[in-house]
Amino acid sequence: MNLFAQDAPDWENPEVFAVNKENTRATALPYPSEQLAIGDNYDSSPYYQSLNGKWKFHWVPKVSEVPAGFYEENYDISGWVEMPVPGNWEFNGYGIPMYVNTGFGFRAKPPHIDREDSPTGAYRHEFSIPDSWDGRRIFIHFEGGTNSMYVWVNGQKVGYTQNAKSPAEFDITNYVRKGKNTLACQVHKFSDGSYLEDQDMWRLGGINRSVYLYSTAQTRIQDFFAHPDLDKNYKNGVFSVDITLKNYTDNLHNNSVEVSLLDKSGKKVFSRNQKSAIPANETADITLSGNVSNPLKWTAETPNLYTMLITLKDGNGRIIESTSHKIGFRKIEITDGQLFVNGKKVLFKGVNLHEFNTNTGQVVTRKEMIRNLQLMKELNINAVRTSHYPQQPLWYQLCDEYGIYLVDEANLESHGLGYGPDNVSNFPEWHAQHMDRIKRLVERDKNHASVIFWSLGNEASNGKAFFDMYDWAKERDNSRPVQYEQAYQRDRNTDIICHMYPSWENMKRDAAKDLGKPYIMCEYAHAMGNSMGNFQEYWDLMRSSKNMQGGFIWEWYNHGYPTHDDQGRFFWAYGGDLKGYNKMNDGNFCMDGLISPDQNYIPHTYIVKKVYQNILFEANDLDKGIITVINDFKFTDLTPEKYSFKWILLKNGEEFQEGSFNVSVAADSRKDVKLDLPALNKEAGVEYFLQVYAYSNQATEFIPSGFEVAKEEFAFNQNNYFVAGNVNGQIAVEKQNDKIIVKASNLSYEFSSKDGRGLLSMKNKGQDVFRELPHLNFWRALTDNDFGENMQYSARIWESAGYNTIYKYKGSEETSEGFNAKYEVKLRGIEAKVDITYTVNKDGSLTTSAHYKALSDDLPEMVRFGMVMTLPRDYNDFTWYGRGPHENYVDRKYDTFMGIWSGKVEEQAFAYYRPQETGNKTNVRWLTLKNKDGKGIRIDGTQPLSVSATNNRPEDLDPGMTKKQQHWSDVLPRHEVVLCVDLFQRGVGGLQSWGAKPLDQYRFMDKEYSYSYTINMSDL
């Protein structure tokens, strides 16, 4: 007996998911002429009618409350509202947006949903059939965008669909009439299909992709599959196309088909025709083939396309219909455990991309796509994984045109059911629905040059269904690899080892092996919050491996929506916001992208551009000015026509000399270049840095001429910056009962000469220099990665360690250098101490030296070691000699270069969507903070410093033991400058955000650390 009784609703029956739906076919539209077909502008076809716009709409919170008979033509909808199509309900006043990483949005009990929370939308829309469509077949096409849906036309039930991200097409010829027609749709937010759509994303309802009608003749081009291959020498094109013709009539039809390939200028480079007899009410399959002499090749670097024109003619040679599709000649091969495109081993510098629009939910237009492509080209991204579902057809057309390698992924994730035997991929009643999703993926996108891999889905276990899906995809298309992460390195049903977030130790292990398959991570570098540490190390390791060929960063967007709190303050909403506090949600886990919700750079965007750059530089012999230029493009030569180069030599942060050079480097090769550098000698207190830049000379649609495409920085071996200098002046020391007063010119210091305190005051012309004197600091506002590894518990003792101290006076003395006061500082409740020596130098400057020593072997890891101090708010002009201009950390700094940088203190913090550590600068030699009159302080390190100057203390940004749904709008800037002067801060990490630590070299676990810095106070 069937487990699912006949009275089970379709939306809770896994065996019902496509009723009266057409098989998915290649994205194409019929045109009455070849000229219109070549242009392929849908609006120009008389056989096309868009249904996008305002539809009548009625929303109910439960499926049981859908108005009975609303699809009947005489049903009164005068009280209904209007809803845009495409459009998400939650962004048009109906329902609550819910962000869930894993868990469906309701308690799992397959195949059932929570009927008490089952939002459903009833739609009505009128359309008219043109007279010219009389006698033709008429189809309604939903590009996708709804979890499940019933469709009626003129009160007659047409069919049912599940699968939110693949097209749903229905033949409505027998349901329509001349003139006005009534379309009705019942759209469900949840169904049994939700168990296969548990992607890490906002769960929204509505029809969020385009809807249109089109018509065909009674014989038509139903589908086609082009195979634009290359010969074994990757020179000449080997072309064939499989075409399916359909005859809807009761008579045999003798037709002919002509296929042409047109180059960019419109010239035919290939043409074939073939006659075909199409049986009554049947289909006929034909194949046309031939060779194309030395076609321009398609790669992401060289996206050369040809227009494939297919024309169906009747027995008299008259055009029945014509259609077209862009194709690209290229060959994808896996040889010796490596993946090759057109014979070259390609590195996939990728990112994962969801459908997202910060203003409309998940309704994405050409505008957002073009902006994404612009940013991707700027950041040297060459590959996108369509996580975790096929996106709308326009995206593929644009990737074909502009050059992006795609991993095209089936709309399939059942993460919330786990990866074991209880996952529905093991159950026969769910098998057909799994198969449906890979078939609809492949059949729609099979002609796109940009699609390099098929992916069976994401995080859905590896039950029997996935082996059958793999076998079907390989049989249907043997030109592309098929991948599936859950096959790991264990199962046969993946051509790619496509791990997600492998541990660093596992990556090092695999990098040293011959794995027998390409290793391309489907997800890595989880970009949540202040993250993207160790990204350079990722790529250094991958470049050392035979099989590793890149990966796809998780992810592109921070999925935040703009809103305001009850006090009118702006913030970016994440899970649990927008009235969703009592809904299932996963907090700010959706804020894990490379760019802002409104498609702009954020601090860790820059490291992606740097590490992914396609022109690399290495030092060969810097003393002789010899560097190596590496062309990491695989199909593009570096030439003076395309790129220009510049070098700058810095001396102590200032430009000392500069020059330019040109070089020609063949694709995938390297060349040494000798720069005209001056002879450099080792000098005390002097350091040099060589900075090299590459710029585009030729503007594209996305990259202007003069755009910086690559850069590198080199330090010289003879650098000798940190050298103690001699100072002159006089100091006066006065000892009182409990304190010592030291004066030098306008400066005065007070030190405690008894236990309990250390530095008591610091004045310039009788005025306090600091609002709060420097004191020890071991804490930062924890990042999302810190929270992920539970540092809020394991390291929390360091939070108050700098405040909870016991000072012990260890004596003072006058020396030839000045005056020293020494203290031993015990950290109350922590088995550690810090010896601090204050030295008032002869010129009145103050040197603070701190020596940390752990007194136990089992102390938790330190987050930072340094001192924090505050100054008046008007010390707002911040200048530093170190890495800049934007924030950087010990494991995310190679995108920032040495220099003397300036900015306002109020601009140094980035408004992270959940407040956390921000604004740091590394490798700092000195800094100044000045007011508008130019007065202030200067701090010099006796070794490189890690510093920040913002308007908030760490505790302002730190929620404590739990995250507490905080946003940047909850943070009020203080009326003071908060200056942190540290020896170090631990790395921000970048492997993943649920347990991984920064790489060991960016953690600080030694038992002793020492550093010092000097404060000068003067009219700078």
# chains A, B, ... in the order shown; residues from 1 in each chain; ligands from 1
$ residues_around --residues "region 219-236 of chain A" --least-positions-apart "5" --cutoff "9 Å" --atoms "only C-alpha atoms" --output "PyMOL selection string"
chain A and resi 24-28+30+241-249+253+255+278+283+291-297+308+310-312+320-323+327-332+342-343+443+446-447+449+479
$ residues_around --residues "Thr950 (chain A)" --least-positions-apart "2" --cutoff "10 Å" --atoms "only C-alpha atoms" --output "NGL selection string"
:A and (870 or 873 or 876 or 878 or 904-910 or 918-920 or 948 or 952-954 or 973-974 or 976-980)
$ closest_residue --among "A:Asn785, A:Asn52, A:Asn614, A:Ser128" --to "Gly987 (chain A)" --atoms "only C-alpha atoms"
A:Asn785
$ closest_residue --among "A:Val733, A:Val100, A:Ile937, A:Leu353" --to "Tyr389 (chain A)" --atoms "only C-alpha atoms"
A:Leu353
$ atom_distance --atom1 "CA of Thr837 (chain A)" --atom2 "CA of Tyr807 (chain A)"
12.0 Å
$ residues_around --residues "region 808-819 of chain A" --least-positions-apart "4" --cutoff "6 Å" --atoms "only C-alpha atoms" --output "ChimeraX atom specification"
/A:754-755,823-824,839-842
$ write_last_selection --atoms "N, CA and C atoms" --output "PDB file, in the first residue's frame"
ATOM      1  N   LYS A 754      54.520  53.799  46.335  1.00  0.00           N
ATOM      2  CA  LYS A 754      54.043  52.751  47.221  1.00  0.00           C
ATOM      3  C   LYS A 754      53.208  51.767  46.411  1.00  0.00           C
ATOM      4  N   ASP A 755      52.944  50.653  47.009  1.00  0.00           N
ATOM      5  CA  ASP A 755      52.168  49.637  46.301  1.00  0.00           C
ATOM      6  C   ASP A 755      50.752  50.127  46.035  1.00  0.00           C
ATOM      7  N   TYR A 823      57.497  48.680  38.334  1.00  0.00           N
ATOM      8  CA  TYR A 823      56.367  48.089  39.040  1.00  0.00           C
ATOM      9  C   TYR A 823      56.188  46.644  38.585  1.00  0.00           C
ATOM     10  N   GLU A 824      55.773  45.850  39.532  1.00  0.00           N
ATOM     11  CA  GLU A 824      55.325  44.503  39.197  1.00  0.00           C
ATOM     12  C   GLU A 824      53.807  44.508  39.278  1.00  0.00           C
ATOM     13  N   THR A 839      60.042  55.100  31.852  1.00  0.00           N
ATOM     14  CA  THR A 839      61.266  55.881  31.748  1.00  0.00           C
ATOM     15  C   THR A 839      60.925  57.269  31.235  1.00  0.00           C
ATOM     16  N   VAL A 840      61.186  58.292  32.087  1.00  0.00           N
ATOM     17  CA  VAL A 840      61.069  59.670  31.623  1.00  0.00           C
ATOM     18  C   VAL A 840      62.415  60.039  31.020  1.00  0.00           C
ATOM     19  N   ASN A 841      62.430  60.211  29.706  1.00  0.00           N
ATOM     20  CA  ASN A 841      63.673  60.501  29.004  1.00  0.00           C
ATOM     21  C   ASN A 841      64.063  61.959  29.168  1.00  0.00           C
ATOM     22  N   LYS A 842      65.310  62.269  28.839  1.00  0.00           N
ATOM     23  CA  LYS A 842      65.830  63.622  29.059  1.00  0.00           C
ATOM     24  C   LYS A 842      65.025  64.688  28.312  1.00  0.00           C
TER      25      LYS A 842
END
$ select_by_dssp --residues "region 384-517 of chain A" --states "strand (DSSP E)" --output "ChimeraX atom specification"
/A:384-385,405-409,451-455,482-483
$ residues_around --residues "Tyr889 (chain A)" --least-positions-apart "6" --cutoff "9 Å" --atoms "only C-alpha atoms" --output "number ranges by chain"
A: 533, 920-922, 946, 985-988
$ closest_residue --among "A:Trp539, A:Asp970, A:Asn923, A:Tyr838" --to "Tyr1013 (chain A)" --atoms "only C-alpha atoms"
A:Tyr838
$ closest_atom_pairs --of "region 149-206 of chain A" --to "region 429-439 of chain A" --cutoff "12 Å" --atoms "only C-alpha atoms" --output "JSON lines"
{"residue": "A:Thr161", "atom": "CA", "partner": "A:Gln433", "partner_atom": "CA", "distance": 11.1}
{"residue": "A:Gln162", "atom": "CA", "partner": "A:Gln433", "partner_atom": "CA", "distance": 9.0}
{"residue": "A:Asn163", "atom": "CA", "partner": "A:Arg437", "partner_atom": "CA", "distance": 7.5}
{"residue": "A:Ala164", "atom": "CA", "partner": "A:Arg437", "partner_atom": "CA", "distance": 10.2}
{"residue": "A:Lys165", "atom": "CA", "partner": "A:Arg437", "partner_atom": "CA", "distance": 9.3}
{"residue": "A:Ser166", "atom": "CA", "partner": "A:Arg437", "partner_atom": "CA", "distance": 7.8}
{"residue": "A:Pro167", "atom": "CA", "partner": "A:Arg437", "partner_atom": "CA", "distance": 10.5}
{"residue": "A:Ala168", "atom": "CA", "partner": "A:Arg437", "partner_atom": "CA", "distance": 11.8}
{"residue": "A:Asp192", "atom": "CA", "partner": "A:Trp430", "partner_atom": "CA", "distance": 9.8}
{"residue": "A:Gly193", "atom": "CA", "partner": "A:Gln433", "partner_atom": "CA", "distance": 8.4}
{"residue": "A:Ser194", "atom": "CA", "partner": "A:Gln433", "partner_atom": "CA", "distance": 11.7}
{"residue": "A:Tyr195", "atom": "CA", "partner": "A:Trp430", "partner_atom": "CA", "distance": 10.2}
{"residue": "A:Leu196", "atom": "CA", "partner": "A:His434", "partner_atom": "CA", "distance": 8.1}
{"residue": "A:Glu197", "atom": "CA", "partner": "A:Arg437", "partner_atom": "CA", "distance": 10.8}
$ write_last_selection --atoms "all heavy atoms" --output "short mmCIF file (atom, residue, chain, number, x, y, z; two decimals), in the first residue's frame"
data_model
loop_
_atom_site.label_atom_id
_atom_site.label_comp_id
_atom_site.auth_asym_id
_atom_site.auth_seq_id
_atom_site.Cartn_x
_atom_site.Cartn_y
_atom_site.Cartn_z
N THR A 161 3.22 22.62 -9.36
CA THR A 161 4.67 22.57 -9.43
C THR A 161 5.28 22.70 -8.05
O THR A 161 4.76 23.42 -7.18
CB THR A 161 5.24 23.68 -10.33
OG1 THR A 161 6.67 23.62 -10.34
CG2 THR A 161 4.81 25.06 -9.87
N GLN A 162 6.37 21.99 -7.82
CA GLN A 162 7.28 22.21 -6.70
C GLN A 162 8.68 22.35 -7.27
O GLN A 162 9.02 21.67 -8.23
CB GLN A 162 7.26 21.02 -5.72
CG GLN A 162 6.08 21.00 -4.79
CD GLN A 162 6.07 19.79 -3.86
OE1 GLN A 162 5.04 19.46 -3.30
NE2 GLN A 162 7.19 19.09 -3.71
N ASN A 163 9.46 23.21 -6.67
CA ASN A 163 10.84 23.49 -7.08
C ASN A 163 10.95 24.99 -7.30
O ASN A 163 10.62 25.51 -8.36
CB ASN A 163 11.26 22.73 -8.34
CG ASN A 163 12.76 22.87 -8.60
OD1 ASN A 163 13.40 23.80 -8.12
ND2 ASN A 163 13.32 21.95 -9.38
N ALA A 164 11.43 25.67 -6.27
CA ALA A 164 11.40 27.14 -6.26
C ALA A 164 12.35 27.76 -7.27
O ALA A 164 12.16 28.91 -7.65
CB ALA A 164 11.73 27.66 -4.86
N LYS A 165 13.37 27.04 -7.71
CA LYS A 165 14.44 27.71 -8.45
C LYS A 165 14.65 27.16 -9.85
O LYS A 165 15.64 27.50 -10.50
CB LYS A 165 15.75 27.60 -7.66
CG LYS A 165 15.68 28.26 -6.27
CD LYS A 165 15.46 29.77 -6.35
CE LYS A 165 15.55 30.40 -4.97
NZ LYS A 165 15.36 31.86 -5.01
N SER A 166 13.75 26.33 -10.32
CA SER A 166 13.80 25.88 -11.71
C SER A 166 12.50 26.27 -12.39
O SER A 166 11.48 26.50 -11.73
CB SER A 166 14.01 24.36 -11.79
OG SER A 166 15.34 24.03 -11.44
N PRO A 167 12.50 26.36 -13.71
CA PRO A 167 11.30 26.86 -14.39
C PRO A 167 10.12 25.89 -14.30
O PRO A 167 10.29 24.67 -14.20
CB PRO A 167 11.77 27.02 -15.84
CG PRO A 167 12.94 26.12 -15.98
CD PRO A 167 13.61 26.10 -14.64
N ALA A 168 8.95 26.49 -14.32
CA ALA A 168 7.70 25.72 -14.40
C ALA A 168 6.95 26.22 -15.63
O ALA A 168 6.60 27.39 -15.71
CB ALA A 168 6.86 25.90 -13.14
N ASP A 192 6.21 19.88 1.09
CA ASP A 192 7.22 18.83 1.28
C ASP A 192 8.48 19.14 0.50
O ASP A 192 9.57 18.68 0.84
CB ASP A 192 6.65 17.46 0.88
CG ASP A 192 6.27 17.38 -0.58
OD1 ASP A 192 7.14 17.09 -1.41
OD2 ASP A 192 5.09 17.61 -0.89
N GLY A 193 8.35 19.96 -0.55
CA GLY A 193 9.54 20.40 -1.27
C GLY A 193 10.50 21.21 -0.41
O GLY A 193 11.69 21.31 -0.73
N SER A 194 10.00 21.78 0.69
CA SER A 194 10.88 22.54 1.59
C SER A 194 11.97 21.66 2.17
O SER A 194 13.06 22.16 2.51
CB SER A 194 10.06 23.16 2.73
OG SER A 194 9.07 24.03 2.23
N TYR A 195 11.70 20.36 2.31
CA TYR A 195 12.73 19.47 2.85
C TYR A 195 13.91 19.32 1.89
O TYR A 195 14.99 18.87 2.31
CB TYR A 195 12.11 18.10 3.15
CG TYR A 195 11.20 18.13 4.36
CD1 TYR A 195 9.81 18.17 4.21
CD2 TYR A 195 11.73 18.14 5.65
CE1 TYR A 195 8.97 18.21 5.31
CE2 TYR A 195 10.90 18.19 6.75
CZ TYR A 195 9.52 18.22 6.59
OH TYR A 195 8.70 18.27 7.68
N LEU A 196 13.71 19.69 0.65
CA LEU A 196 14.80 19.67 -0.33
C LEU A 196 15.31 21.08 -0.63
O LEU A 196 16.13 21.25 -1.53
CB LEU A 196 14.35 18.99 -1.62
CG LEU A 196 13.82 17.56 -1.49
CD1 LEU A 196 13.55 16.97 -2.86
CD2 LEU A 196 14.76 16.69 -0.69
N GLU A 197 14.84 22.06 0.11
CA GLU A 197 15.23 23.45 -0.14
C GLU A 197 15.64 24.12 1.18
O GLU A 197 15.22 25.23 1.49
CB GLU A 197 14.10 24.21 -0.84
CG GLU A 197 13.80 23.65 -2.22
CD GLU A 197 12.68 24.38 -2.96
OE1 GLU A 197 12.15 25.38 -2.42
OE2 GLU A 197 12.36 23.96 -4.08
#
$ residues_around --residues "Asp877 (chain A)" --least-positions-apart "6" --cutoff "9 Å" --atoms "only C-alpha atoms" --output "mmCIF file with N, CA and C atoms, in the first residue's frame"
data_model
loop_
_atom_site.group_PDB
_atom_site.id
_atom_site.type_symbol
_atom_site.label_atom_id
_atom_site.label_comp_id
_atom_site.auth_asym_id
_atom_site.auth_seq_id
_atom_site.Cartn_x
_atom_site.Cartn_y
_atom_site.Cartn_z
ATOM 1 N N SER A 902 46.730 58.904 6.875
ATOM 2 C CA SER A 902 45.996 59.845 7.731
ATOM 3 C C SER A 902 44.505 59.656 7.572
ATOM 4 N N GLY A 903 43.796 59.935 8.637
ATOM 5 C CA GLY A 903 42.342 59.874 8.603
ATOM 6 C C GLY A 903 41.772 60.411 9.891
ATOM 7 N N LYS A 904 40.477 60.560 9.929
ATOM 8 C CA LYS A 904 39.791 60.996 11.128
ATOM 9 C C LYS A 904 39.555 59.789 12.036
ATOM 10 N N VAL A 905 39.696 59.991 13.332
ATOM 11 C CA VAL A 905 39.456 58.907 14.270
ATOM 12 C C VAL A 905 38.054 58.338 14.087
ATOM 13 N N THR A 928 50.456 59.617 15.382
ATOM 14 C CA THR A 928 50.148 60.895 16.024
ATOM 15 C C THR A 928 48.642 61.059 16.097
ATOM 16 N N LEU A 929 48.208 61.716 17.157
ATOM 17 C CA LEU A 929 46.826 62.146 17.316
ATOM 18 C C LEU A 929 46.864 63.633 17.632
ATOM 19 N N LYS A 930 46.193 64.416 16.816
ATOM 20 C CA LYS A 930 46.279 65.870 16.952
ATOM 21 C C LYS A 930 44.881 66.486 16.936
ATOM 22 N N ASN A 931 44.778 67.640 17.528
ATOM 23 C CA ASN A 931 43.540 68.403 17.431
ATOM 24 C C ASN A 931 43.648 69.380 16.269
ATOM 25 N N LYS A 932 42.643 70.207 16.129
ATOM 26 C CA LYS A 932 42.609 71.102 14.963
ATOM 27 C C LYS A 932 43.710 72.147 14.990
ATOM 28 N N GLY A 934 46.746 71.384 15.806
ATOM 29 C CA GLY A 934 48.000 70.684 15.580
ATOM 30 C C GLY A 934 48.682 70.218 16.833
#
$ atom_distance --atom1 "CA of Asp1006 (chain A)" --atom2 "CA of Trp798 (chain A)"
15.4 Å
$ atom_distance --atom1 "CA of Thr182 (chain A)" --atom2 "CA of Pro67 (chain A)"
16.6 Å
$ decode --residues "region 919-929 of chain A" --atoms "all heavy atoms" --output "short mmCIF file (atom, residue, chain, number, x, y, z; two decimals), in the first residue's frame"
data_model
loop_
_atom_site.label_atom_id
_atom_site.label_comp_id
_atom_site.auth_asym_id
_atom_site.auth_seq_id
_atom_site.Cartn_x
_atom_site.Cartn_y
_atom_site.Cartn_z
N GLY A 919 39.02 48.32 13.26
CA GLY A 919 39.87 49.50 13.17
C GLY A 919 41.35 49.30 13.40
O GLY A 919 42.10 50.28 13.47
N ASN A 920 41.82 48.08 13.51
CA ASN A 920 43.22 47.84 13.87
C ASN A 920 44.17 48.16 12.71
O ASN A 920 43.81 48.05 11.54
CB ASN A 920 43.40 46.39 14.29
CG ASN A 920 44.71 46.16 15.00
OD1 ASN A 920 44.89 46.66 16.10
ND2 ASN A 920 45.62 45.42 14.39
N LYS A 921 45.40 48.52 13.07
CA LYS A 921 46.48 48.73 12.10
C LYS A 921 47.71 47.98 12.60
O LYS A 921 48.06 48.07 13.78
CB LYS A 921 46.81 50.21 11.94
CG LYS A 921 45.62 51.15 11.81
CD LYS A 921 44.86 50.96 10.52
CE LYS A 921 43.79 52.01 10.29
NZ LYS A 921 42.71 52.00 11.29
N THR A 922 48.39 47.27 11.72
CA THR A 922 49.56 46.49 12.11
C THR A 922 50.84 47.11 11.56
O THR A 922 50.81 48.00 10.70
CB THR A 922 49.46 45.04 11.61
OG1 THR A 922 49.43 45.04 10.18
CG2 THR A 922 48.22 44.36 12.16
N ASN A 923 51.97 46.58 12.05
CA ASN A 923 53.31 47.01 11.62
C ASN A 923 53.49 48.52 11.74
O ASN A 923 54.16 49.16 10.93
CB ASN A 923 53.59 46.56 10.18
CG ASN A 923 53.62 45.06 10.04
OD1 ASN A 923 52.92 44.49 9.22
ND2 ASN A 923 54.42 44.38 10.86
N VAL A 924 52.91 49.09 12.78
CA VAL A 924 52.96 50.54 12.98
C VAL A 924 54.28 50.91 13.65
O VAL A 924 54.66 50.32 14.67
CB VAL A 924 51.76 51.02 13.81
CG1 VAL A 924 51.90 52.50 14.17
CG2 VAL A 924 50.46 50.79 13.02
N ARG A 925 54.96 51.88 13.06
CA ARG A 925 56.21 52.42 13.64
C ARG A 925 55.91 53.59 14.57
O ARG A 925 56.47 53.69 15.64
CB ARG A 925 57.15 52.88 12.54
CG ARG A 925 58.01 51.80 11.91
CD ARG A 925 57.26 50.69 11.22
NE ARG A 925 58.18 49.84 10.46
CZ ARG A 925 58.08 48.55 10.32
NH1 ARG A 925 57.06 47.92 10.90
NH2 ARG A 925 58.94 47.85 9.62
N TRP A 926 55.06 54.48 14.12
CA TRP A 926 54.67 55.61 14.96
C TRP A 926 53.27 56.08 14.57
O TRP A 926 52.76 55.75 13.50
CB TRP A 926 55.67 56.76 14.88
CG TRP A 926 55.94 57.32 13.49
CD1 TRP A 926 57.02 57.08 12.71
CD2 TRP A 926 55.11 58.23 12.74
NE1 TRP A 926 56.95 57.75 11.52
CE2 TRP A 926 55.78 58.50 11.52
CE3 TRP A 926 53.90 58.87 12.97
CZ2 TRP A 926 55.28 59.35 10.54
CZ3 TRP A 926 53.38 59.74 12.01
CH2 TRP A 926 54.06 59.95 10.81
N LEU A 927 52.68 56.82 15.49
CA LEU A 927 51.37 57.42 15.23
C LEU A 927 51.31 58.78 15.89
O LEU A 927 52.05 59.07 16.85
CB LEU A 927 50.25 56.52 15.75
CG LEU A 927 50.13 56.34 17.27
CD1 LEU A 927 49.23 57.41 17.90
CD2 LEU A 927 49.58 54.96 17.60
N THR A 928 50.46 59.62 15.38
CA THR A 928 50.15 60.90 16.02
C THR A 928 48.64 61.06 16.10
O THR A 928 47.90 60.59 15.23
CB THR A 928 50.74 62.10 15.26
OG1 THR A 928 50.13 62.19 13.97
CG2 THR A 928 52.25 61.98 15.13
N LEU A 929 48.21 61.72 17.16
CA LEU A 929 46.83 62.15 17.32
C LEU A 929 46.86 63.63 17.63
O LEU A 929 47.50 64.06 18.60
CB LEU A 929 46.13 61.37 18.44
CG LEU A 929 45.73 59.95 18.11
CD1 LEU A 929 45.41 59.17 19.37
CD2 LEU A 929 44.52 59.94 17.17
#
